[in-house]
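A.B. asks: Below is the file query_21.csv, which contains CSV, N, CA and C atoms and all ligand atoms.
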```csv
chain,number,residue,atom,x,y,z
A,1,MET,N,0.8,-1.2,0.0
A,1,MET,CA,0.0,0.0,0.0
A,1,MET,C,0.9,1.3,0.0
A,2,ASN,N,0.6,2.2,-0.9
A,2,ASN,CA,1.4,3.4,-0.9
A,2,ASN,C,0.8,4.5,0.1
A,3,GLU,N,1.6,5.5,0.3
A,3,GLU,CA,1.2,6.6,1.2
A,3,GLU,C,-0.2,7.1,1.0
A,4,LEU,N,-0.5,7.3,-0.3
A,4,LEU,CA,-1.8,7.9,-0.6
A,4,LEU,C,-2.9,7.0,-0.2
A,5,ASN,N,-2.8,5.7,-0.6
A,5,ASN,CA,-3.9,4.8,-0.3
A,5,ASN,C,-4.2,4.6,1.2
A,6,LYS,N,-3.2,4.8,2.0
A,6,LYS,CA,-3.3,4.6,3.4
A,6,LYS,C,-4.4,5.5,4.0
A,7,TYR,N,-4.5,6.7,3.4
A,7,TYR,CA,-5.5,7.6,4.0
A,7,TYR,C,-6.8,7.6,3.3
A,8,LYS,N,-6.9,6.7,2.2
A,8,LYS,CA,-8.1,6.8,1.4
A,8,LYS,C,-9.3,6.0,2.0
A,9,THR,N,-9.8,6.5,3.1
A,9,THR,CA,-11.0,5.9,3.6
A,9,THR,C,-12.2,6.5,2.9
A,10,LYS,N,-13.3,5.9,3.1
A,10,LYS,CA,-14.6,6.4,2.4
A,10,LYS,C,-14.9,7.8,2.8
A,11,GLN,N,-14.7,8.1,4.1
A,11,GLN,CA,-15.1,9.4,4.6
A,11,GLN,C,-14.2,10.5,4.0
A,12,ARG,N,-12.9,10.2,3.9
A,12,ARG,CA,-12.0,11.1,3.3
A,12,ARG,C,-12.3,11.4,1.9
A,13,VAL,N,-12.6,10.4,1.1
A,13,VAL,CA,-12.9,10.5,-0.3
A,13,VAL,C,-14.2,11.4,-0.4
A,14,ALA,N,-15.2,11.1,0.5
A,14,ALA,CA,-16.4,11.8,0.4
A,14,ALA,C,-16.2,13.3,0.8
A,15,ILE,N,-15.4,13.6,1.8
A,15,ILE,CA,-15.1,14.9,2.2
A,15,ILE,C,-14.5,15.7,1.0
A,16,LEU,N,-13.5,15.1,0.4
A,16,LEU,CA,-12.8,15.7,-0.7
A,16,LEU,C,-13.7,15.9,-1.9
A,17,ASP,N,-14.6,14.9,-2.2
A,17,ASP,CA,-15.6,15.1,-3.3
A,17,ASP,C,-16.5,16.3,-3.0
A,18,PHE,N,-16.9,16.4,-1.8
A,18,PHE,CA,-17.8,17.4,-1.4
A,18,PHE,C,-17.2,18.8,-1.6
A,19,ILE,N,-16.0,18.9,-1.1
A,19,ILE,CA,-15.3,20.2,-1.2
A,19,ILE,C,-15.0,20.5,-2.6
A,20,GLU,N,-14.6,19.5,-3.4
A,20,GLU,CA,-14.2,19.7,-4.8
A,20,GLU,C,-15.5,20.2,-5.6
A,21,SER,N,-16.6,19.5,-5.3
A,21,SER,CA,-17.8,19.9,-6.1
A,21,SER,C,-18.3,21.2,-5.7
A,22,ASN,N,-17.8,21.8,-4.6
A,22,ASN,CA,-18.2,23.1,-4.1
A,22,ASN,C,-17.1,24.1,-4.3
A,23,LYS,N,-16.3,23.9,-5.3
A,23,LYS,CA,-15.0,24.6,-5.3
A,23,LYS,C,-15.2,26.1,-5.6
A,24,ASP,N,-16.4,26.5,-5.9
A,24,ASP,CA,-16.7,28.0,-6.1
A,24,ASP,C,-17.3,28.6,-4.8
A,25,ARG,N,-17.2,27.9,-3.8
A,25,ARG,CA,-17.6,28.5,-2.5
A,25,ARG,C,-16.8,27.8,-1.4
A,26,GLU,N,-17.0,28.4,-0.2
A,26,GLU,CA,-16.4,27.8,1.0
A,26,GLU,C,-17.4,26.9,1.8
A,27,VAL,N,-16.9,25.8,2.3
A,27,VAL,CA,-17.8,25.0,3.1
A,27,VAL,C,-17.3,25.0,4.5
A,28,THR,N,-18.2,24.7,5.5
A,28,THR,CA,-17.9,24.6,6.9
A,28,THR,C,-17.8,23.2,7.3
A,29,ALA,N,-17.2,22.9,8.4
A,29,ALA,CA,-17.2,21.5,8.9
A,29,ALA,C,-18.6,21.0,9.1
A,30,ASN,N,-19.5,21.9,9.4
A,30,ASN,CA,-20.9,21.5,9.6
A,30,ASN,C,-21.6,21.1,8.3
A,31,ASP,N,-21.3,21.8,7.2
A,31,ASP,CA,-21.8,21.4,5.9
A,31,ASP,C,-21.4,20.0,5.6
A,32,ILE,N,-20.1,19.7,5.9
A,32,ILE,CA,-19.6,18.4,5.6
A,32,ILE,C,-20.3,17.3,6.4
A,33,LEU,N,-20.5,17.6,7.7
A,33,LEU,CA,-21.2,16.7,8.6
A,33,LEU,C,-22.6,16.3,8.0
A,34,VAL,N,-23.3,17.4,7.6
A,34,VAL,CA,-24.6,17.2,7.1
A,34,VAL,C,-24.5,16.3,5.8
A,35,TYR,N,-23.6,16.6,5.0
A,35,TYR,CA,-23.4,15.8,3.7
A,35,TYR,C,-23.1,14.4,4.0
A,36,LEU,N,-22.2,14.1,5.0
A,36,LEU,CA,-21.8,12.7,5.3
A,36,LEU,C,-23.0,12.0,5.9
A,37,ASN,N,-23.7,12.6,6.7
A,37,ASN,CA,-24.9,12.0,7.3
A,37,ASN,C,-25.9,11.6,6.2
A,38,LYS,N,-26.1,12.5,5.2
A,38,LYS,CA,-27.0,12.2,4.1
A,38,LYS,C,-26.6,11.0,3.4
A,39,ASN,N,-25.3,10.8,3.3
A,39,ASN,CA,-24.7,9.7,2.5
A,39,ASN,C,-24.4,8.5,3.4
A,40,ASP,N,-25.0,8.5,4.6
A,40,ASP,CA,-24.8,7.3,5.5
A,40,ASP,C,-23.4,7.0,5.9
A,41,LEU,N,-22.5,8.1,5.8
A,41,LEU,CA,-21.2,7.9,6.2
A,41,LEU,C,-21.0,8.6,7.6
A,42,LYS,N,-20.9,7.7,8.6
A,42,LYS,CA,-20.8,8.3,10.0
A,42,LYS,C,-19.4,8.8,10.2
A,43,ALA,N,-19.4,10.0,10.7
A,43,ALA,CA,-18.1,10.6,11.1
A,43,ALA,C,-18.4,11.6,12.2
A,44,SER,N,-17.6,11.7,13.2
A,44,SER,CA,-17.8,12.7,14.3
A,44,SER,C,-17.1,14.0,13.8
A,45,GLN,N,-17.6,15.1,14.5
A,45,GLN,CA,-17.0,16.4,14.2
A,45,GLN,C,-15.5,16.3,14.3
A,46,THR,N,-15.0,15.6,15.3
A,46,THR,CA,-13.5,15.5,15.6
A,46,THR,C,-12.8,14.9,14.4
A,47,THR,N,-13.4,13.8,13.9
A,47,THR,CA,-12.8,13.1,12.8
A,47,THR,C,-12.8,14.0,11.6
A,48,ILE,N,-13.9,14.7,11.3
A,48,ILE,CA,-13.9,15.6,10.2
A,48,ILE,C,-12.8,16.7,10.3
A,49,TYR,N,-12.7,17.3,11.5
A,49,TYR,CA,-11.6,18.3,11.7
A,49,TYR,C,-10.3,17.7,11.4
A,50,ARG,N,-10.1,16.4,11.8
A,50,ARG,CA,-8.8,15.8,11.6
A,50,ARG,C,-8.5,15.6,10.1
A,51,TYR,N,-9.5,15.1,9.4
A,51,TYR,CA,-9.3,15.0,8.0
A,51,TYR,C,-9.0,16.3,7.3
A,52,LEU,N,-9.8,17.4,7.8
A,52,LEU,CA,-9.6,18.7,7.2
A,52,LEU,C,-8.2,19.2,7.4
A,53,ASP,N,-7.8,19.0,8.7
A,53,ASP,CA,-6.4,19.5,9.0
A,53,ASP,C,-5.4,18.8,8.1
A,54,ASN,N,-5.6,17.5,7.9
A,54,ASN,CA,-4.6,16.8,7.1
A,54,ASN,C,-4.6,17.3,5.6
A,55,LEU,N,-5.9,17.6,5.1
A,55,LEU,CA,-6.0,18.1,3.8
A,55,LEU,C,-5.4,19.4,3.6
A,56,VAL,N,-5.5,20.3,4.7
A,56,VAL,CA,-4.9,21.6,4.7
A,56,VAL,C,-3.4,21.5,4.6
A,57,LYS,N,-2.9,20.6,5.5
A,57,LYS,CA,-1.4,20.4,5.5
A,57,LYS,C,-0.9,19.9,4.2
A,58,GLU,N,-1.7,19.0,3.5
A,58,GLU,CA,-1.2,18.5,2.2
A,58,GLU,C,-1.4,19.5,1.1
A,59,GLY,N,-2.0,20.7,1.4
A,59,GLY,CA,-2.2,21.7,0.4
A,59,GLY,C,-3.3,21.4,-0.6
A,60,ILE,N,-4.2,20.5,-0.2
A,60,ILE,CA,-5.3,20.1,-1.2
A,60,ILE,C,-6.5,21.1,-0.9
A,61,ILE,N,-6.7,21.5,0.3
A,61,ILE,CA,-7.7,22.5,0.6
A,61,ILE,C,-7.1,23.6,1.4
A,62,LYS,N,-7.8,24.8,1.5
A,62,LYS,CA,-7.2,25.8,2.4
A,62,LYS,C,-8.3,26.3,3.3
A,63,LYS,N,-7.8,26.8,4.4
A,63,LYS,CA,-8.7,27.2,5.5
A,63,LYS,C,-8.8,28.7,5.5
A,64,ASN,N,-10.0,29.2,5.6
A,64,ASN,CA,-10.2,30.7,5.7
A,64,ASN,C,-11.1,30.9,6.9
A,65,TYR,N,-11.1,32.1,7.5
A,65,TYR,CA,-12.1,32.4,8.5
A,65,TYR,C,-13.2,33.2,7.9
A,66,SER,N,-14.4,32.7,8.1
A,66,SER,CA,-15.5,33.4,7.5
A,66,SER,C,-16.2,34.3,8.6
A,67,GLU,N,-16.2,35.6,8.4
A,67,GLU,CA,-16.8,36.5,9.4
A,67,GLU,C,-18.3,36.3,9.4
A,68,GLU,N,-19.0,36.1,8.3
A,68,GLU,CA,-20.4,36.0,8.3
A,68,GLU,C,-20.9,34.8,8.9
A,69,LYS,N,-20.1,33.7,8.8
A,69,LYS,CA,-20.5,32.4,9.5
A,69,LYS,C,-19.9,32.3,10.8
A,70,SER,N,-19.0,33.2,11.2
A,70,SER,CA,-18.1,33.1,12.4
A,70,SER,C,-17.6,31.7,12.6
A,71,SER,N,-17.1,31.1,11.6
A,71,SER,CA,-16.4,29.8,11.8
A,71,SER,C,-15.4,29.6,10.7
A,72,SER,N,-14.6,28.6,10.8
A,72,SER,CA,-13.6,28.3,9.8
A,72,SER,C,-14.3,27.7,8.6
A,73,CYS,N,-13.8,28.1,7.4
A,73,CYS,CA,-14.4,27.6,6.1
A,73,CYS,C,-13.3,27.0,5.3
A,74,TYR,N,-13.6,26.0,4.5
A,74,TYR,CA,-12.6,25.3,3.7
A,74,TYR,C,-12.9,25.5,2.3
A,75,GLN,N,-11.9,25.6,1.5
A,75,GLN,CA,-12.0,25.8,0.1
A,75,GLN,C,-11.0,24.9,-0.7
A,76,TYR,N,-11.5,24.3,-1.7
A,76,TYR,CA,-10.7,23.4,-2.5
A,76,TYR,C,-9.6,24.2,-3.2
A,77,VAL,N,-8.4,23.6,-3.2
A,77,VAL,CA,-7.3,24.2,-3.9
A,77,VAL,C,-6.9,23.3,-5.0
A,78,GLY,N,-7.2,23.6,-6.2
A,78,GLY,CA,-6.8,22.8,-7.4
A,78,GLY,C,-5.3,23.0,-7.6
A,79,LYS,N,-4.7,22.2,-8.4
A,79,LYS,CA,-3.3,22.3,-8.7
A,79,LYS,C,-3.0,23.8,-9.1
A,80,ARG,N,-3.9,24.3,-9.9
A,80,ARG,CA,-3.6,25.7,-10.5
A,80,ARG,C,-3.9,26.8,-9.5
A,81,CYS,N,-4.6,26.5,-8.4
A,81,CYS,CA,-5.0,27.5,-7.4
A,81,CYS,C,-3.8,28.0,-6.7
A,82,LYS,N,-2.7,27.3,-6.8
A,82,LYS,CA,-1.4,27.8,-6.1
A,82,LYS,C,-0.8,28.9,-6.9
A,83,GLU,N,-1.3,29.1,-8.2
A,83,GLU,CA,-0.7,30.0,-9.1
A,83,GLU,C,-1.5,31.3,-9.3
A,84,HIS,N,-2.7,31.3,-8.7
A,84,HIS,CA,-3.5,32.5,-8.9
A,84,HIS,C,-4.2,33.0,-7.6
A,85,TYR,N,-4.8,34.1,-7.8
A,85,TYR,CA,-5.5,34.7,-6.7
A,85,TYR,C,-7.0,34.4,-6.7
A,86,HIS,N,-7.7,34.6,-5.6
A,86,HIS,CA,-9.1,34.4,-5.6
A,86,HIS,C,-9.9,35.6,-5.2
A,87,LEU,N,-11.0,35.8,-5.8
A,87,LEU,CA,-11.9,36.9,-5.4
A,87,LEU,C,-13.1,36.2,-4.7
A,88,LYS,N,-13.6,36.9,-3.7
A,88,LYS,CA,-14.7,36.3,-3.0
A,88,LYS,C,-15.8,37.4,-2.8
A,89,CYS,N,-17.0,37.0,-3.2
A,89,CYS,CA,-18.2,37.9,-3.1
A,89,CYS,C,-18.6,38.0,-1.7
A,90,ASN,N,-18.7,39.3,-1.2
A,90,ASN,CA,-19.2,39.5,0.2
A,90,ASN,C,-20.6,39.1,0.3
A,91,ASN,N,-21.4,39.1,-0.8
A,91,ASN,CA,-22.8,39.0,-0.7
A,91,ASN,C,-23.2,37.5,-0.8
A,92,CYS,N,-22.8,36.8,-1.9
A,92,CYS,CA,-23.2,35.4,-2.1
A,92,CYS,C,-22.1,34.4,-1.7
A,93,GLY,N,-20.9,34.9,-1.5
A,93,GLY,CA,-19.9,34.0,-1.1
A,93,GLY,C,-19.2,33.2,-2.3
A,94,GLU,N,-19.6,33.6,-3.5
A,94,GLU,CA,-19.0,32.9,-4.7
A,94,GLU,C,-17.5,33.2,-4.7
A,95,ILE,N,-16.7,32.2,-5.1
A,95,ILE,CA,-15.3,32.4,-5.3
A,95,ILE,C,-14.9,32.3,-6.8
A,96,ILE,N,-14.2,33.3,-7.2
A,96,ILE,CA,-13.7,33.4,-8.6
A,96,ILE,C,-12.2,33.1,-8.6
A,97,HIS,N,-11.8,32.2,-9.5
A,97,HIS,CA,-10.4,31.9,-9.7
A,97,HIS,C,-9.9,32.8,-10.8
A,98,LEU,N,-9.0,33.7,-10.3
A,98,LEU,CA,-8.5,34.7,-11.3
A,98,LEU,C,-7.4,34.1,-12.2
A,99,ASP,N,-7.4,34.6,-13.4
A,99,ASP,CA,-6.4,34.3,-14.4
A,99,ASP,C,-5.1,34.8,-13.8
A,100,SER,N,-4.0,33.9,-13.8
A,100,SER,CA,-2.8,34.3,-13.1
A,100,SER,C,-2.1,35.5,-13.7
A,101,GLU,N,-2.3,35.7,-15.0
A,101,GLU,CA,-1.6,36.8,-15.6
A,101,GLU,C,-2.2,38.2,-15.3
A,102,ILE,N,-3.4,38.2,-14.8
A,102,ILE,CA,-4.0,39.5,-14.4
A,102,ILE,C,-3.2,40.1,-13.3
A,103,PHE,N,-2.7,39.3,-12.4
A,103,PHE,CA,-2.0,39.8,-11.2
A,103,PHE,C,-0.5,39.9,-11.4
A,104,SER,N,0.0,39.2,-12.4
A,104,SER,CA,1.5,39.0,-12.4
A,104,SER,C,2.2,40.3,-12.5
A,105,SER,N,1.7,41.3,-13.2
A,105,SER,CA,2.4,42.6,-13.3
A,105,SER,C,2.3,43.4,-12.0
A,106,ILE,N,1.2,43.3,-11.4
A,106,ILE,CA,1.1,44.0,-10.1
A,106,ILE,C,2.0,43.3,-9.0
A,107,GLU,N,2.0,42.0,-9.1
A,107,GLU,CA,2.9,41.3,-8.2
A,107,GLU,C,4.3,41.7,-8.3
A,108,LYS,N,4.7,41.8,-9.6
A,108,LYS,CA,6.1,42.2,-9.9
A,108,LYS,C,6.4,43.6,-9.4
A,109,LYS,N,5.5,44.5,-9.6
A,109,LYS,CA,5.7,45.9,-9.2
A,109,LYS,C,5.8,46.0,-7.6
A,110,ILE,N,5.0,45.1,-6.9
A,110,ILE,CA,5.1,45.1,-5.5
A,110,ILE,C,6.4,44.6,-5.0
A,111,ILE,N,6.9,43.6,-5.7
A,111,ILE,CA,8.2,43.0,-5.3
A,111,ILE,C,9.3,44.1,-5.6
A,112,ASP,N,9.2,44.7,-6.8
A,112,ASP,CA,10.3,45.7,-7.1
A,112,ASP,C,10.3,46.8,-6.1
A,113,ARG,N,9.1,47.3,-5.8
A,113,ARG,CA,9.1,48.5,-4.9
A,113,ARG,C,9.3,48.2,-3.5
A,114,TYR,N,8.6,47.2,-3.0
A,114,TYR,CA,8.7,46.9,-1.5
A,114,TYR,C,9.4,45.6,-1.2
A,115,GLY,N,9.8,44.9,-2.2
A,115,GLY,CA,10.5,43.6,-1.9
A,115,GLY,C,9.6,42.6,-1.2
A,116,PHE,N,8.3,42.9,-1.4
A,116,PHE,CA,7.3,42.1,-0.7
A,116,PHE,C,6.7,41.0,-1.6
A,117,LYS,N,6.7,39.8,-1.2
A,117,LYS,CA,6.1,38.7,-2.0
A,117,LYS,C,4.8,38.3,-1.4
A,118,ILE,N,3.7,38.5,-2.1
A,118,ILE,CA,2.4,38.2,-1.6
A,118,ILE,C,2.2,36.7,-1.6
A,119,ASP,N,1.6,36.2,-0.6
A,119,ASP,CA,1.2,34.8,-0.5
A,119,ASP,C,-0.2,34.6,-1.1
A,120,ASN,N,-0.2,34.2,-2.3
A,120,ASN,CA,-1.5,34.2,-3.0
A,120,ASN,C,-2.5,33.1,-2.5
A,121,ILE,N,-1.9,32.1,-1.8
A,121,ILE,CA,-2.8,31.1,-1.3
A,121,ILE,C,-3.6,31.7,-0.1
A,122,LYS,N,-3.0,32.6,0.7
A,122,LYS,CA,-3.6,33.2,1.8
A,122,LYS,C,-4.4,34.4,1.5
A,123,THR,N,-4.2,35.0,0.3
A,123,THR,CA,-4.8,36.2,0.0
A,123,THR,C,-6.1,36.1,-0.8
A,124,ILE,N,-7.1,36.7,-0.2
A,124,ILE,CA,-8.4,36.7,-0.9
A,124,ILE,C,-8.8,38.2,-1.1
A,125,LEU,N,-9.3,38.5,-2.3
A,125,LEU,CA,-9.8,39.9,-2.5
A,125,LEU,C,-11.3,39.9,-2.4
A,126,TYR,N,-11.8,40.7,-1.6
A,126,TYR,CA,-13.2,40.7,-1.3
A,126,TYR,C,-13.9,41.8,-2.1
A,127,GLY,N,-15.1,41.6,-2.5
A,127,GLY,CA,-15.9,42.5,-3.3
A,127,GLY,C,-17.3,42.0,-3.6
A,128,THR,N,-17.9,42.5,-4.7
A,128,THR,CA,-19.2,42.0,-5.0
A,128,THR,C,-19.1,41.4,-6.5
A,129,CYS,N,-19.7,40.3,-6.6
A,129,CYS,CA,-19.6,39.6,-8.0
A,129,CYS,C,-20.6,40.2,-9.0
A,130,ASN,N,-20.3,39.9,-10.2
A,130,ASN,CA,-21.1,40.4,-11.3
A,130,ASN,C,-22.6,40.2,-11.1
A,131,LYS,N,-23.0,39.0,-10.7
A,131,LYS,CA,-24.4,38.6,-10.5
A,131,LYS,C,-25.0,39.5,-9.4
A,132,CYS,N,-24.3,39.7,-8.3
A,132,CYS,CA,-24.9,40.5,-7.2
A,132,CYS,C,-24.9,42.0,-7.6
A,133,ASN,N,-23.9,42.4,-8.4
A,133,ASN,CA,-24.0,43.8,-8.9
A,133,ASN,C,-25.2,44.0,-9.8
A,134,MET,N,-25.5,43.1,-10.6
A,134,MET,CA,-26.7,43.2,-11.5
A,134,MET,C,-27.9,43.2,-10.7
A,135,ASN,N,-28.0,42.3,-9.7
A,135,ASN,CA,-29.2,42.3,-8.9
A,135,ASN,C,-29.4,43.6,-8.1
A,136,ASN,N,-28.3,44.2,-7.7
A,136,ASN,CA,-28.4,45.5,-7.0
A,136,ASN,C,-29.0,46.5,-7.9
A,137,LYS,N,-28.5,46.5,-9.1
A,137,LYS,CA,-28.9,47.5,-10.1
A,137,LYS,C,-30.4,47.4,-10.4
A,138,SER,N,-30.9,46.2,-10.5
A,138,SER,CA,-32.3,46.0,-10.9
A,138,SER,C,-33.3,46.3,-9.8
A,139,LYS,N,-32.8,46.5,-8.6
A,139,LYS,CA,-33.6,46.7,-7.4
A,139,LYS,C,-34.2,48.2,-7.4
B,1,ZN,ZN,-8.3,28.7,-7.8
B,2,ZN,ZN,-22.2,37.5,-5.4
```
Starting from the file, give its structure as structure tokens.
C.D. replies:
Amino acid sequence: MNELNKYKTKQRVAILDFIESNKDREVTANDILVYLNKNDLKASQTTIYRYLDNLVKEGIIKKNYSEEKSSSCYQYVGKRCKEHYHLKCNNCGEIIHLDSEIFSSIEKKIIDRYGFKIDNIKTILYGTCNKCNMNNKSK
């Protein structure tokens, strides 16, 4: 058995599936608990947190703190997510994966001027998405 298979329990696969299929938003441990229960996969909150911690350490998902839910939220990090920034809508919570070239010139300017390298995995830009802006206009 290789390293990867060792951790491949049903719960872990289900948690990962759930987070991946919700990759345009953040999910909480509670969302996962509800999902697992629905699929008859029993797991305690503690187990879920342990799986989530491992996935965060492996860089497969990332952990953010959500003010509106006042709890930790988890977001899927695809291979390419390490190379770009994310926008998050304050209103509906949608996450947009930015084209990496949009930011690369700004990133370079910041490094040139301040010698500061932004951690794009930790950085989220907050605002209002197109959908929510349209809805606001039509009100
Ligand atoms: Zn991404
Ligand atoms: Zn929105």
A.B. asks: Just want the residues within 5 Å of ligand ZN 2 (chain B), written as a list in words, counting all atoms listed in the file.
C.D. replies: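 Those residues are Cys89, Asn91, Cys92, Gly93, Cys129 and Cys132 of chain A.
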A.B. asks: Which residues are near A:His86? Cut-off 6 Å, all atoms listed in the file, ignore same chain within fewer than 4 positions. Put them as a ChimeraX atom specification.
C.D. replies: /A:96-98,123-125
A.B. asks: Could you list the protein, DNA and RNA residues that have any atom within 8 Å of ligand ZN 1 (chain B), counting all atoms listed in the file, and write them as a PyMOL selection string?
C.D. replies: chain A and resi 23+76-87+95-98
A.B. asks: Do you have the atom N of A:Thr28-atom C of A:Tyr74 distance handy?
C.D. replies: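 Between these atoms lies a distance of 6.2 Å.
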A.B. asks: With distances taken over all atoms listed in the file, which of A:Ser71, A:Gln11, A:Ser105, A:Asn130 is nearest to A:Lys42?
C.D. replies: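 So, comparing all the options, the nearest one is A:Gln11.
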A.B. asks: If you run DSSP on this backbone, which residues of chain A come out as strand (DSSP E), and could you give them as a list in words?
C.D. replies: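 Answer for chain A restricted to strand (DSSP E) is Val27, Thr28, Ile61, Lys62, Lys63, Asn64, Tyr65, Ser66, Ser71, Ser72, Cys73, Tyr74, Gln75, Tyr76, His86, Leu87, Lys88, Cys89, Ile95, Ile96, His97, Ile124, Leu125, Tyr126 and Gly127 of chain A.
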A.B. asks: Have a look at atom CA of A:Cys73 and atom CA of A:Asp24 and let me know their distance in Å, one decimal.
C.D. replies: 12.4 Å
A.B. asks: If I take atom N of A:Phe103 and atom N of A:Tyr126, how far is one from the other in Å, to one decimal?
C.D. replies: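 So the two atoms, atom N of A:Phe103 and atom N of A:Tyr126, lie 14.2 Å apart.
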A.B. asks: Between A:Arg113, A:Arg25, A:Lys10, A:Lys88, which one has atoms that come closest to A:Thr128, using only C-alpha atoms?
C.D. replies: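 Checking each candidate against A:Thr128, we get A:Lys88 as the closest.
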A.B. asks: Please report, as a PyMOL selection string, each residue of stretch 6-137 of chain A to which DSSP assigns helix (DSSP H, G or I) when run on this structure's backbone.
C.D. replies: chain A and resi 6+10-21+29-38+45-57+79-83+100-114+130-137
A.B. asks: Give the answer as one residue: which of A:Ile60, A:Gln75, A:Asp119, A:Ser100 has the shortest atom-to-atom distance to A:Asn22, using only N, CA and C atoms?
C.D. replies: A:Gln75
A.B. asks: Looking at only C-alpha atoms, which of A:Ile102, A:Val34, A:Leu41, A:Val27 is the one that sits closest to A:Tyr65?
C.D. replies: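 Closest residue, counting only C-alpha atoms: A:Val27.
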A.B. asks: If we count only C-alpha atoms and set the cut-off at 12 Å, which residues sit around A:Thr46, ignoring sequence neighbours fewer than 6 positions away in its own chain? Please answer as a list in words.
C.D. replies: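 Residues near the query, excluding close chain neighbours: Ala29, Asn30, Leu33, Leu52 and Asp53 of chain A.
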A.B. asks: With all heavy atoms as the goal, would you fill in the gaps in stretch 76-82 of chain A and present it as a tab-separated table (two decimals), in the frame of the given file?
C.D. replies:
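This is the output file part-v3.tsv:
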```
chain	number	residue	atom	x	y	z
A	76	TYR	N	-11.50	24.30	-1.70
A	76	TYR	CA	-10.70	23.40	-2.50
A	76	TYR	C	-9.60	24.20	-3.20
A	76	TYR	O	-9.85	25.26	-3.72
A	76	TYR	CB	-11.61	22.68	-3.57
A	76	TYR	CG	-10.86	21.71	-4.44
A	76	TYR	CD1	-10.47	20.48	-3.94
A	76	TYR	CD2	-10.55	22.03	-5.76
A	76	TYR	CE1	-9.77	19.59	-4.74
A	76	TYR	CE2	-9.86	21.15	-6.56
A	76	TYR	CZ	-9.47	19.93	-6.05
A	76	TYR	OH	-8.77	19.06	-6.83
A	77	VAL	N	-8.40	23.60	-3.20
A	77	VAL	CA	-7.30	24.20	-3.90
A	77	VAL	C	-6.90	23.30	-5.00
A	77	VAL	O	-6.24	22.28	-4.75
A	77	VAL	CB	-6.15	24.52	-2.96
A	77	VAL	CG1	-4.96	25.09	-3.71
A	77	VAL	CG2	-6.57	25.46	-1.85
A	78	GLY	N	-7.20	23.60	-6.20
A	78	GLY	CA	-6.80	22.80	-7.40
A	78	GLY	C	-5.30	23.00	-7.60
A	78	GLY	O	-4.72	23.90	-6.98
A	79	LYS	N	-4.70	22.20	-8.40
A	79	LYS	CA	-3.30	22.30	-8.70
A	79	LYS	C	-3.00	23.80	-9.10
A	79	LYS	O	-2.01	24.36	-8.73
A	79	LYS	CB	-2.92	21.42	-9.88
A	79	LYS	CG	-2.34	20.12	-9.40
A	79	LYS	CD	-1.68	19.38	-10.56
A	79	LYS	CE	-1.47	17.92	-10.17
A	79	LYS	NZ	-2.11	16.97	-11.07
A	80	ARG	N	-3.90	24.30	-9.90
A	80	ARG	CA	-3.60	25.70	-10.50
A	80	ARG	C	-3.90	26.80	-9.50
A	80	ARG	O	-3.50	27.92	-9.64
A	80	ARG	CB	-4.38	25.89	-11.77
A	80	ARG	CG	-3.85	24.98	-12.89
A	80	ARG	CD	-4.51	25.25	-14.22
A	80	ARG	NE	-4.46	26.64	-14.60
A	80	ARG	CZ	-5.52	27.35	-14.94
A	80	ARG	NH1	-6.71	26.83	-14.94
A	80	ARG	NH2	-5.39	28.61	-15.29
A	81	CYS	N	-4.60	26.50	-8.40
A	81	CYS	CA	-5.00	27.50	-7.40
A	81	CYS	C	-3.80	28.00	-6.70
A	81	CYS	O	-3.83	29.09	-6.08
A	81	CYS	CB	-5.97	26.92	-6.38
A	81	CYS	SG	-7.62	26.74	-7.08
A	82	LYS	N	-2.70	27.30	-6.80
A	82	LYS	CA	-1.40	27.80	-6.10
A	82	LYS	C	-0.80	28.90	-6.90
A	82	LYS	O	0.06	29.61	-6.50
A	82	LYS	CB	-0.44	26.66	-5.95
A	82	LYS	CG	-0.96	25.60	-5.01
A	82	LYS	CD	0.13	24.63	-4.61
A	82	LYS	CE	-0.40	23.69	-3.54
A	82	LYS	NZ	-0.83	22.40	-4.09
```
